[in-house]
>>> print(open('work-v2.txt').read())   # compact mmCIF, C-alpha atoms
# COMPACT_ATOMS: atom_id res chain seq x y z
CA MET A 1 72.99 -39.82 59.71
CA VAL A 2 73.96 -42.35 57.04
CA TYR A 3 74.70 -40.97 53.58
CA TYR A 4 71.78 -42.52 51.70
CA ARG A 5 69.34 -40.87 54.12
CA LYS A 6 71.30 -37.65 54.53
CA TYR A 7 71.53 -37.13 50.77
CA ARG A 8 68.10 -38.44 49.81
CA PRO A 9 66.89 -36.40 46.78
CA GLN A 10 64.49 -33.60 47.78
CA THR A 11 63.61 -32.24 44.32
CA ILE A 12 62.97 -33.72 40.90
CA GLU A 13 66.21 -32.18 39.62
CA GLU A 14 68.18 -34.08 42.28
CA LEU A 15 66.86 -37.44 41.03
CA ASP A 16 69.73 -39.10 39.20
CA SER A 17 67.61 -41.13 36.77
CA ILE A 18 67.17 -38.95 33.66
CA ASP A 19 64.18 -40.97 32.42
CA VAL A 20 62.32 -40.65 35.73
CA ARG A 21 63.07 -36.91 35.92
CA ASP A 22 61.69 -36.28 32.44
CA LYS A 23 58.50 -38.25 33.06
CA LEU A 24 57.78 -36.47 36.34
CA TYR A 25 58.37 -33.03 34.86
CA SER A 26 56.00 -33.92 32.02
CA VAL A 27 53.12 -35.19 34.17
CA LEU A 28 53.35 -32.89 37.21
CA LYS A 29 53.26 -29.58 35.34
CA ASN A 30 49.75 -30.40 34.08
CA SER A 31 46.76 -29.07 35.97
CA SER A 32 45.38 -32.62 36.21
CA VAL A 33 47.68 -35.03 38.05
CA PRO A 34 47.03 -38.82 37.90
CA HIS A 35 45.16 -40.17 40.91
CA ALA A 36 47.46 -43.20 41.10
CA PHE A 37 51.13 -43.83 40.31
CA LEU A 38 52.95 -47.17 40.09
CA PHE A 39 56.72 -47.08 40.62
CA THR A 40 58.47 -50.34 39.71
CA GLY A 41 62.11 -51.40 39.62
CA PRO A 42 64.95 -53.04 41.59
CA LYS A 43 65.85 -51.99 45.12
CA GLY A 44 67.88 -48.89 45.90
CA LEU A 45 66.80 -46.76 42.93
CA GLY A 46 64.84 -44.12 44.83
CA LYS A 47 61.21 -45.18 44.39
CA THR A 48 60.15 -44.11 47.90
CA SER A 49 62.20 -40.89 47.68
CA THR A 50 60.48 -40.08 44.39
CA ALA A 51 57.08 -40.78 45.94
CA ARG A 52 57.81 -38.21 48.66
CA ILE A 53 58.90 -35.67 46.06
CA VAL A 54 55.62 -36.18 44.18
CA ALA A 55 53.77 -35.66 47.47
CA LYS A 56 55.64 -32.39 47.97
CA VAL A 57 55.02 -31.12 44.45
CA VAL A 58 51.24 -31.65 44.62
CA ASN A 59 51.03 -30.10 48.09
CA CYS A 60 53.74 -27.39 48.00
CA GLU A 61 52.15 -24.04 48.85
CA LYS A 62 54.39 -22.17 46.43
CA VAL A 63 53.74 -24.59 43.54
CA GLN A 64 49.98 -24.56 44.04
CA SER A 65 49.84 -20.75 44.19
CA SER A 66 51.87 -20.35 41.00
CA LYS A 67 50.69 -23.36 38.96
CA LEU A 68 48.27 -21.38 36.83
CA LYS A 69 51.15 -19.15 35.71
CA VAL A 70 53.49 -22.02 34.81
CA LYS A 71 54.44 -22.15 31.14
CA SER A 72 54.59 -25.47 29.32
CA SER A 73 58.37 -25.17 28.98
CA GLU A 74 58.95 -24.54 32.71
CA ARG A 75 59.75 -27.18 35.28
CA ILE A 76 57.89 -27.55 38.55
CA GLU A 77 59.87 -28.11 41.77
CA PRO A 78 58.84 -28.14 45.45
CA CYS A 79 60.17 -25.15 47.39
CA ASN A 80 61.24 -27.29 50.39
CA LYS A 81 60.58 -24.25 52.62
CA CYS A 82 56.82 -24.17 53.21
CA TYR A 83 55.09 -26.16 55.97
CA GLN A 84 53.87 -28.88 53.57
CA CYS A 85 57.33 -29.50 52.10
CA THR A 86 59.23 -29.48 55.40
CA SER A 87 56.69 -31.68 57.18
CA ILE A 88 56.77 -34.24 54.34
CA THR A 89 60.58 -34.23 54.44
CA ASN A 90 60.72 -34.91 58.19
CA GLY A 91 57.81 -37.39 58.07
CA SER A 92 55.40 -35.46 60.30
CA ASN A 93 52.75 -34.57 57.68
CA ILE A 94 49.52 -36.30 58.72
CA ASP A 95 48.16 -36.16 55.15
CA VAL A 96 51.04 -38.15 53.67
CA LEU A 97 50.88 -41.76 54.86
CA GLU A 98 53.52 -44.38 54.12
CA ILE A 99 52.23 -47.94 54.39
CA ASP A 100 54.34 -51.11 54.34
CA GLY A 101 52.58 -53.59 52.07
CA ALA A 102 54.28 -56.55 53.78
CA SER A 103 52.91 -55.60 57.23
CA ASN A 104 49.48 -54.42 56.04
CA ARG A 105 48.74 -57.00 53.38
CA GLY A 106 45.31 -58.27 54.45
CA ILE A 107 41.81 -57.29 53.36
CA ASP A 108 40.98 -55.82 56.78
CA GLU A 109 43.84 -53.32 56.56
CA ILE A 110 42.79 -52.25 53.04
CA ARG A 111 39.14 -51.95 54.10
CA ASP A 112 40.27 -49.69 56.95
CA LEU A 113 42.27 -47.65 54.43
CA ARG A 114 39.19 -47.33 52.19
CA GLU A 115 37.20 -45.87 55.08
CA LYS A 116 39.92 -43.32 55.91
CA VAL A 117 40.37 -42.33 52.25
CA ARG A 118 36.96 -40.65 52.33
CA LEU A 119 38.15 -38.12 54.92
CA SER A 120 39.40 -34.82 53.51
CA PRO A 121 43.04 -33.84 54.12
CA ALA A 122 43.68 -31.91 57.33
CA THR A 123 46.01 -29.22 55.95
CA ALA A 124 47.31 -30.38 52.56
CA SER A 125 45.74 -30.01 49.11
CA LYS A 126 45.96 -33.75 48.48
CA LYS A 127 46.03 -36.76 50.75
CA ILE A 128 48.86 -39.07 49.65
CA TYR A 129 49.00 -42.81 50.31
CA ILE A 130 52.42 -44.34 49.58
CA ILE A 131 52.17 -48.16 49.67
CA ASP A 132 55.64 -49.72 49.59
CA GLU A 133 56.16 -53.33 48.41
CA VAL A 134 52.56 -53.34 47.19
CA HIS A 135 53.06 -56.77 45.58
CA MET A 136 52.85 -58.27 49.09
CA LEU A 137 49.11 -57.59 49.32
CA THR A 138 46.81 -60.61 49.22
CA ALA A 139 44.46 -61.19 46.27
CA GLU A 140 41.50 -60.12 48.42
CA ALA A 141 43.32 -56.95 49.49
CA PHE A 142 44.10 -56.12 45.85
CA ASN A 143 40.41 -56.51 44.98
CA ALA A 144 39.46 -54.16 47.80
CA LEU A 145 42.09 -51.64 46.69
CA LEU A 146 40.87 -51.88 43.09
CA LYS A 147 37.45 -50.48 44.03
CA THR A 148 39.11 -47.40 45.52
CA LEU A 149 41.39 -46.94 42.49
CA GLU A 150 38.38 -47.17 40.15
CA GLU A 151 36.45 -44.40 41.93
CA PRO A 152 38.93 -42.43 44.04
CA PRO A 153 37.97 -39.23 45.90
CA MET A 154 39.30 -36.07 44.23
CA HIS A 155 41.51 -35.27 47.22
CA VAL A 156 43.48 -38.56 47.19
CA ILE A 157 46.56 -39.75 45.28
CA PHE A 158 47.94 -43.28 45.59
CA ILE A 159 51.61 -44.05 44.94
CA LEU A 160 52.31 -47.79 44.75
CA CYS A 161 55.93 -48.98 44.88
CA THR A 162 57.23 -52.47 44.18
CA THR A 163 60.35 -54.42 43.26
CA GLU A 164 58.24 -57.22 41.75
CA PRO A 165 55.79 -55.70 39.24
CA HIS A 166 54.83 -59.11 37.81
CA LYS A 167 52.99 -59.83 41.08
CA VAL A 168 50.77 -56.75 40.76
CA PRO A 169 47.44 -57.60 39.05
CA ALA A 170 46.95 -56.15 35.57
CA THR A 171 43.70 -54.52 36.75
CA ILE A 172 45.72 -52.45 39.27
CA VAL A 173 48.49 -51.61 36.78
CA SER A 174 45.98 -50.39 34.18
CA ARG A 175 44.63 -47.76 36.60
CA CYS A 176 48.03 -46.27 37.46
CA PHE A 177 50.50 -43.94 35.78
CA HIS A 178 53.40 -46.40 35.50
CA ILE A 179 57.02 -45.26 35.86
CA THR A 180 59.73 -47.91 35.53
CA PHE A 181 62.94 -47.32 37.48
CA LYS A 182 65.73 -48.96 35.51
CA LYS A 183 69.07 -49.93 36.98
CA ALA A 184 71.27 -46.86 37.16
CA THR A 185 73.93 -46.36 34.51
CA ILE A 186 77.56 -45.74 35.45
CA GLU A 187 77.13 -42.06 34.49
CA GLU A 188 74.03 -41.66 36.70
CA LEU A 189 75.76 -43.32 39.65
CA VAL A 190 78.86 -41.15 39.25
CA ARG A 191 76.65 -38.02 39.15
CA SER A 192 75.09 -39.09 42.45
CA PHE A 193 78.45 -39.87 44.09
CA LYS A 194 79.99 -36.56 42.96
CA ARG A 195 77.19 -34.61 44.64
CA ILE A 196 77.91 -36.35 47.94
CA ALA A 197 81.71 -36.19 47.59
CA SER A 198 81.52 -32.43 47.00
CA VAL A 199 79.55 -31.77 50.19
CA GLU A 200 81.61 -34.21 52.29
CA LYS A 201 84.86 -32.78 50.82
CA LEU A 202 86.08 -36.20 49.71
CA LYS A 203 89.08 -36.43 47.39
CA ILE A 204 88.18 -39.04 44.80
CA ASP A 205 88.91 -39.23 41.07
CA ASP A 206 86.56 -40.25 38.26
CA GLU A 207 88.22 -43.64 37.80
CA THR A 208 87.53 -44.57 41.44
CA LEU A 209 83.96 -43.26 41.22
CA LYS A 210 83.35 -45.43 38.15
CA PHE A 211 84.88 -48.41 39.94
CA ILE A 212 82.51 -47.95 42.91
CA ALA A 213 79.65 -47.56 40.41
CA ALA A 214 80.59 -50.93 38.85
CA LEU A 215 80.41 -52.53 42.31
CA SER A 216 76.96 -51.02 42.97
CA ASP A 217 75.01 -53.32 40.65
CA GLY A 218 72.99 -50.37 39.34
CA SER A 219 71.75 -49.37 42.82
CA PHE A 220 72.13 -45.80 44.09
CA ARG A 221 71.70 -46.91 47.70
CA ASP A 222 74.29 -49.71 47.48
CA GLY A 223 76.77 -47.39 45.78
CA VAL A 224 76.34 -44.64 48.38
CA LYS A 225 76.85 -47.23 51.16
CA ILE A 226 80.17 -48.27 49.57
CA LEU A 227 81.22 -44.62 49.29
CA GLU A 228 80.35 -44.04 52.96
CA GLU A 229 82.30 -47.12 54.05
CA MET A 230 85.36 -45.89 52.16
CA ALA A 231 85.01 -42.42 53.71
CA THR A 232 85.50 -43.96 57.17
CA TYR A 233 89.14 -44.60 56.20
CA GLY A 234 89.80 -40.93 55.39
CA LYS A 235 88.86 -38.10 53.08
CA THR A 236 91.07 -39.41 50.27
CA ILE A 237 89.59 -42.42 48.48
CA THR A 238 91.58 -44.32 45.85
CA LYS A 239 90.78 -47.27 43.63
CA GLU A 240 93.49 -49.25 45.44
CA LEU A 241 91.76 -48.61 48.78
CA VAL A 242 88.40 -49.85 47.44
CA GLU A 243 90.05 -52.94 45.95
CA GLU A 244 91.82 -53.70 49.22
CA LYS A 245 88.78 -53.24 51.46
CA TYR A 246 86.52 -55.24 49.13
CA GLN A 247 89.14 -57.96 48.64
CA ILE A 248 88.98 -57.73 44.85
CA ARG A 249 92.52 -56.71 43.89
CA GLN A 250 93.44 -60.34 43.15
CA LEU A 251 90.08 -61.17 41.61
CA PRO A 252 91.25 -61.43 37.95
CA ASP A 253 93.94 -63.95 38.96
CA GLN A 254 91.47 -65.91 41.10
CA ILE A 255 88.95 -66.04 38.25
CA GLU A 256 91.68 -67.26 35.92
CA GLU A 257 92.70 -69.89 38.48
CA LEU A 258 89.13 -71.18 38.88
CA ILE A 259 88.63 -71.37 35.11
CA GLY A 260 91.86 -73.43 35.00
CA HIS A 261 90.42 -75.86 37.55
CA LEU A 262 87.18 -76.06 35.58
CA LEU A 263 89.15 -76.85 32.41
CA LYS A 264 90.78 -79.78 34.22
CA LYS A 265 87.51 -80.84 35.91
CA ASP A 266 89.43 -80.48 39.19
CA ALA A 267 86.63 -80.20 41.75
CA LYS A 268 88.91 -80.48 44.81
CA ASN A 269 91.12 -77.51 43.97
CA GLY A 270 88.11 -75.56 42.69
CA LEU A 271 86.34 -75.98 46.04
CA GLN A 272 89.52 -75.10 47.96
CA LEU A 273 89.75 -71.85 45.98
CA VAL A 274 86.13 -71.02 46.84
CA SER A 275 86.91 -71.68 50.51
CA LYS A 276 89.87 -69.31 50.25
CA LEU A 277 87.63 -66.62 48.73
CA VAL A 278 85.19 -66.99 51.65
CA GLU A 279 88.04 -66.60 54.17
CA GLN A 280 89.14 -63.41 52.40
CA GLY A 281 85.61 -62.01 52.62
CA VAL A 282 85.07 -61.83 48.85
CA ASP A 283 81.49 -61.04 47.83
CA MET A 284 80.25 -64.24 46.15
CA LYS A 285 77.66 -62.38 44.11
CA TYR A 286 80.28 -60.05 42.63
CA PHE A 287 82.73 -62.92 42.07
CA LEU A 288 80.12 -64.95 40.19
CA GLU A 289 79.18 -61.96 38.05
CA GLN A 290 82.83 -61.38 37.10
CA LEU A 291 83.34 -65.09 36.42
CA ILE A 292 80.30 -65.21 34.13
CA SER A 293 81.47 -62.01 32.42
CA GLU A 294 84.87 -63.59 31.73
CA LEU A 295 83.25 -66.73 30.28
CA HIS A 296 81.03 -64.50 28.16
CA GLN A 297 84.12 -62.83 26.71
CA MET A 298 85.65 -66.26 26.07
CA LEU A 299 82.47 -67.28 24.24
CA LEU A 300 82.63 -64.19 22.04
CA ALA A 301 86.31 -64.90 21.34
CA GLU A 302 85.50 -68.48 20.34
CA VAL A 303 83.08 -67.27 17.65
CA GLY A 304 85.54 -64.62 16.47
CA VAL A 305 83.76 -61.51 17.77
CA THR A 306 86.65 -60.47 20.06
CA ASP A 307 90.39 -61.16 20.28
CA SER A 308 91.18 -64.43 22.06
CA SER A 309 94.86 -63.55 22.70
CA LYS A 310 94.00 -61.66 25.92
CA PHE A 311 93.03 -64.86 27.72
CA LYS A 312 95.88 -66.43 29.66
CA VAL A 313 94.09 -69.76 29.96
CA GLN A 314 94.83 -71.23 26.54
CA SER A 315 95.57 -74.91 27.14
CA SER A 316 92.71 -77.37 26.73
CA LYS A 317 90.31 -74.65 25.62
CA LEU A 318 86.67 -74.99 26.45
CA SER A 319 84.43 -75.57 23.46
CA ILE A 320 81.53 -73.26 22.69
CA GLU A 321 79.09 -75.89 24.00
CA GLU A 322 81.10 -76.30 27.22
CA ILE A 323 81.22 -72.54 27.82
CA LYS A 324 77.46 -72.39 27.22
CA GLN A 325 76.85 -75.17 29.77
CA LEU A 326 79.14 -73.52 32.31
CA VAL A 327 77.45 -70.14 31.95
CA GLU A 328 74.05 -71.77 32.45
CA LEU A 329 75.27 -73.55 35.59
CA LEU A 330 76.80 -70.38 37.04
CA ALA A 331 73.79 -68.24 36.12
CA LYS A 332 71.61 -70.70 38.03
CA ALA A 333 74.01 -70.46 41.00
CA HIS A 334 73.81 -66.67 40.85
CA ALA A 335 70.01 -66.77 40.93
CA GLU A 336 70.07 -69.11 43.95
CA LEU A 337 72.39 -66.84 45.97
CA LYS A 338 69.47 -64.81 47.33
CA TYR A 339 68.05 -67.78 49.25
CA ALA A 340 71.28 -69.68 49.98
CA VAL A 341 71.98 -70.69 53.60
CA LEU A 342 75.71 -70.31 52.85
CA PRO A 343 76.71 -67.72 50.22
CA GLN A 344 79.35 -70.00 48.70
CA LEU A 345 77.07 -73.06 48.45
CA PRO A 346 75.49 -72.39 44.99
CA LEU A 347 78.95 -71.94 43.42
CA GLU A 348 80.30 -75.06 45.15
CA LEU A 349 77.36 -77.15 43.89
CA ALA A 350 77.87 -75.78 40.37
CA ILE A 351 81.57 -76.77 40.47
CA ILE A 352 80.70 -80.30 41.69
CA GLN A 353 77.99 -80.69 39.06
CA TRP A 354 80.41 -79.55 36.35
>>> encode(input="work-v2.txt", output="structure tokens")
Amino acid sequence: MVYYRKYRPQTIEELDSIDVRDKLYSVLKNSSVPHAFLFTGPKGLGKTSTARIVAKVVNCEKVQSSKLKVKSSERIEPCNKCYQCTSITNGSNIDVLEIDGASNRGIDEIRDLREKVRLSPATASKKIYIIDEVHMLTAEAFNALLKTLEEPPMHVIFILCTTEPHKVPATIVSRCFHITFKKATIEELVRSFKRIASVEKLKIDDETLKFIAALSDGSFRDGVKILEEMATYGKTITKELVEEKYQIRQLPDQIEELIGHLLKKDAKNGLQLVSKLVEQGVDMKYFLEQLISELHQMLLAEVGVTDSSKFKVQSSKLSIEEIKQLVELLAKAHAELKYAVLPQLPLELAIIQW
């Protein structure tokens, strides 16, 4: 089993986002739990995993039998041993339903859901509906769902998950307990990696863990996938190994070289360098981010915020206005990467336009 599934958090304590942990502890220890949750944030941060943990907490036989005795200072966790917890973990609990919003986005599907919501749970205390990518629902489907959220049966809890909260109608948002999943910090990512490395008996130092975290773009899932890929080369993982396999050891020199071509308005050599990066298998998204970061530092140096002596490219310096224009061009290229037919195309067009 792949790491991100094998080491999916099973308790609130195992969630690596401190903010999410604190909010869940606060709301779930109360006798009255919200009838609808809205989890929003970028991909790979554990929204669906958290939804399953909430489902376990509200249905765990041990939690429900001891909830009246829980003190305000105590934290509630699922036991992960009773039938409700184990069946939710392995996906066989008939009272916990996970629905893909992209595949069930029409009004007919939501009307069918509304009819089934009225039925009492078979064995659990609460019937849980987890709707992933809820922003994919049509306007009519949202209106149908709104009626259920306004007057939900006592035995039902909805957990809506989305990576695009701006597409969820305000009327839906206002009826949910909203938890925002922010991009993971380096410390949170390292905490997650260390837990896995300990169980898998991987030899990896903090510097390498932080380096993998920097490559993860704030995503637990992406970071764990990198860690797993590195583990296929052996139990000892070094920063040099990660740099070699991700073709980023020469990245600082390549960024410097491209900035030199941009200084000279040399489109031909700039495009040849991009072609070379593609042949080496360099991640264009990561390269663009590092290039923009370097220009950002140059901008700060130009206005005297940081020391400019660290930049090797000194001849024919870019002006503040030129750096600003370049950053805007490259930021646009970065945004277009998601839909690009060729991953290098947005950067190539930005170089030609410059």
>>> residues_near_point(input="work-v2.txt", point="(78.0, -49.4, 45.3)", cutoff="12 Å", atoms="all atoms listed in the file", output="compact mmCIF listing (two decimals) with C-alpha atoms, keeping the file's coordinate frame")
# COMPACT_ATOMS: atom_id res chain seq x y z
CA TYR A 4 71.78 -42.52 51.70
CA GLY A 44 67.88 -48.89 45.90
CA LEU A 45 66.80 -46.76 42.93
CA ALA A 184 71.27 -46.86 37.16
CA THR A 185 73.93 -46.36 34.51
CA ILE A 186 77.56 -45.74 35.45
CA LEU A 189 75.76 -43.32 39.65
CA VAL A 190 78.86 -41.15 39.25
CA SER A 192 75.09 -39.09 42.45
CA PHE A 193 78.45 -39.87 44.09
CA THR A 208 87.53 -44.57 41.44
CA LEU A 209 83.96 -43.26 41.22
CA LYS A 210 83.35 -45.43 38.15
CA PHE A 211 84.88 -48.41 39.94
CA ILE A 212 82.51 -47.95 42.91
CA ALA A 213 79.65 -47.56 40.41
CA ALA A 214 80.59 -50.93 38.85
CA LEU A 215 80.41 -52.53 42.31
CA SER A 216 76.96 -51.02 42.97
CA ASP A 217 75.01 -53.32 40.65
CA GLY A 218 72.99 -50.37 39.34
CA SER A 219 71.75 -49.37 42.82
CA PHE A 220 72.13 -45.80 44.09
CA ARG A 221 71.70 -46.91 47.70
CA ASP A 222 74.29 -49.71 47.48
CA GLY A 223 76.77 -47.39 45.78
CA VAL A 224 76.34 -44.64 48.38
CA LYS A 225 76.85 -47.23 51.16
CA ILE A 226 80.17 -48.27 49.57
CA LEU A 227 81.22 -44.62 49.29
CA GLU A 228 80.35 -44.04 52.96
CA GLU A 229 82.30 -47.12 54.05
CA MET A 230 85.36 -45.89 52.16
CA VAL A 242 88.40 -49.85 47.44
CA TYR A 246 86.52 -55.24 49.13
CA TYR A 286 80.28 -60.05 42.63
>>> residues_near_point(input="work-v2.txt", point="(59.4, -34.0, 30.9)", cutoff="12 Å", atoms="only C-alpha atoms", output="count of residues only")
20
>>> residues_around(input="work-v2.txt", residues="A:Glu164", least_positions_apart="2", cutoff="10 Å", atoms="all atoms listed in the file", output="VMD selection string")
chain A and resid 40 to 43 133 to 136 161 to 162 166 to 168
>>> closest_residue(input="work-v2.txt", among="A:Asp266, A:Leu97, A:Leu258, A:Val282", to="A:Leu295", atoms="all atoms listed in the file")
A:Leu258
>>> closest_residue(input="work-v2.txt", among="A:Gln344, A:Thr236, A:Gln325, A:Thr171", to="A:Glu200", atoms="all atoms listed in the file")
A:Thr236
>>> atom_distance(input="work-v2.txt", atom1="atom CA of A:Gly106", atom2="atom CA of A:Val33")
28.5 Å
>>> residues_around(input="work-v2.txt", residues="A:Gln254", least_positions_apart="2", cutoff="12 Å", atoms="all atoms listed in the file", output="PDB file with C-alpha atoms, in the coordinates of the input")
ATOM      1  CA  GLN A 247      89.140 -57.960  48.640  1.00  0.00           C
ATOM      2  CA  ILE A 248      88.980 -57.730  44.850  1.00  0.00           C
ATOM      3  CA  ARG A 249      92.520 -56.710  43.890  1.00  0.00           C
ATOM      4  CA  GLN A 250      93.440 -60.340  43.150  1.00  0.00           C
ATOM      5  CA  LEU A 251      90.080 -61.170  41.610  1.00  0.00           C
ATOM      6  CA  PRO A 252      91.250 -61.430  37.950  1.00  0.00           C
ATOM      7  CA  GLU A 256      91.680 -67.260  35.920  1.00  0.00           C
ATOM      8  CA  GLU A 257      92.700 -69.890  38.480  1.00  0.00           C
ATOM      9  CA  LEU A 258      89.130 -71.180  38.880  1.00  0.00           C
ATOM     10  CA  ILE A 259      88.630 -71.370  35.110  1.00  0.00           C
ATOM     11  CA  GLY A 260      91.860 -73.430  35.000  1.00  0.00           C
ATOM     12  CA  HIS A 261      90.420 -75.860  37.550  1.00  0.00           C
ATOM     13  CA  ASN A 269      91.120 -77.510  43.970  1.00  0.00           C
ATOM     14  CA  GLY A 270      88.110 -75.560  42.690  1.00  0.00           C
ATOM     15  CA  GLN A 272      89.520 -75.100  47.960  1.00  0.00           C
ATOM     16  CA  LEU A 273      89.750 -71.850  45.980  1.00  0.00           C
ATOM     17  CA  VAL A 274      86.130 -71.020  46.840  1.00  0.00           C
ATOM     18  CA  SER A 275      86.910 -71.680  50.510  1.00  0.00           C
ATOM     19  CA  LYS A 276      89.870 -69.310  50.250  1.00  0.00           C
ATOM     20  CA  LEU A 277      87.630 -66.620  48.730  1.00  0.00           C
ATOM     21  CA  GLN A 280      89.140 -63.410  52.400  1.00  0.00           C
ATOM     22  CA  VAL A 282      85.070 -61.830  48.850  1.00  0.00           C
ATOM     23  CA  PHE A 287      82.730 -62.920  42.070  1.00  0.00           C
ATOM     24  CA  LEU A 288      80.120 -64.950  40.190  1.00  0.00           C
ATOM     25  CA  GLN A 290      82.830 -61.380  37.100  1.00  0.00           C
ATOM     26  CA  LEU A 291      83.340 -65.090  36.420  1.00  0.00           C
ATOM     27  CA  GLU A 294      84.870 -63.590  31.730  1.00  0.00           C
TER      28      GLU A 294
END
>>> atom_distance(input="work-v2.txt", atom1="atom CA of A:Val63", atom2="atom CA of A:Cys82")
10.2 Å
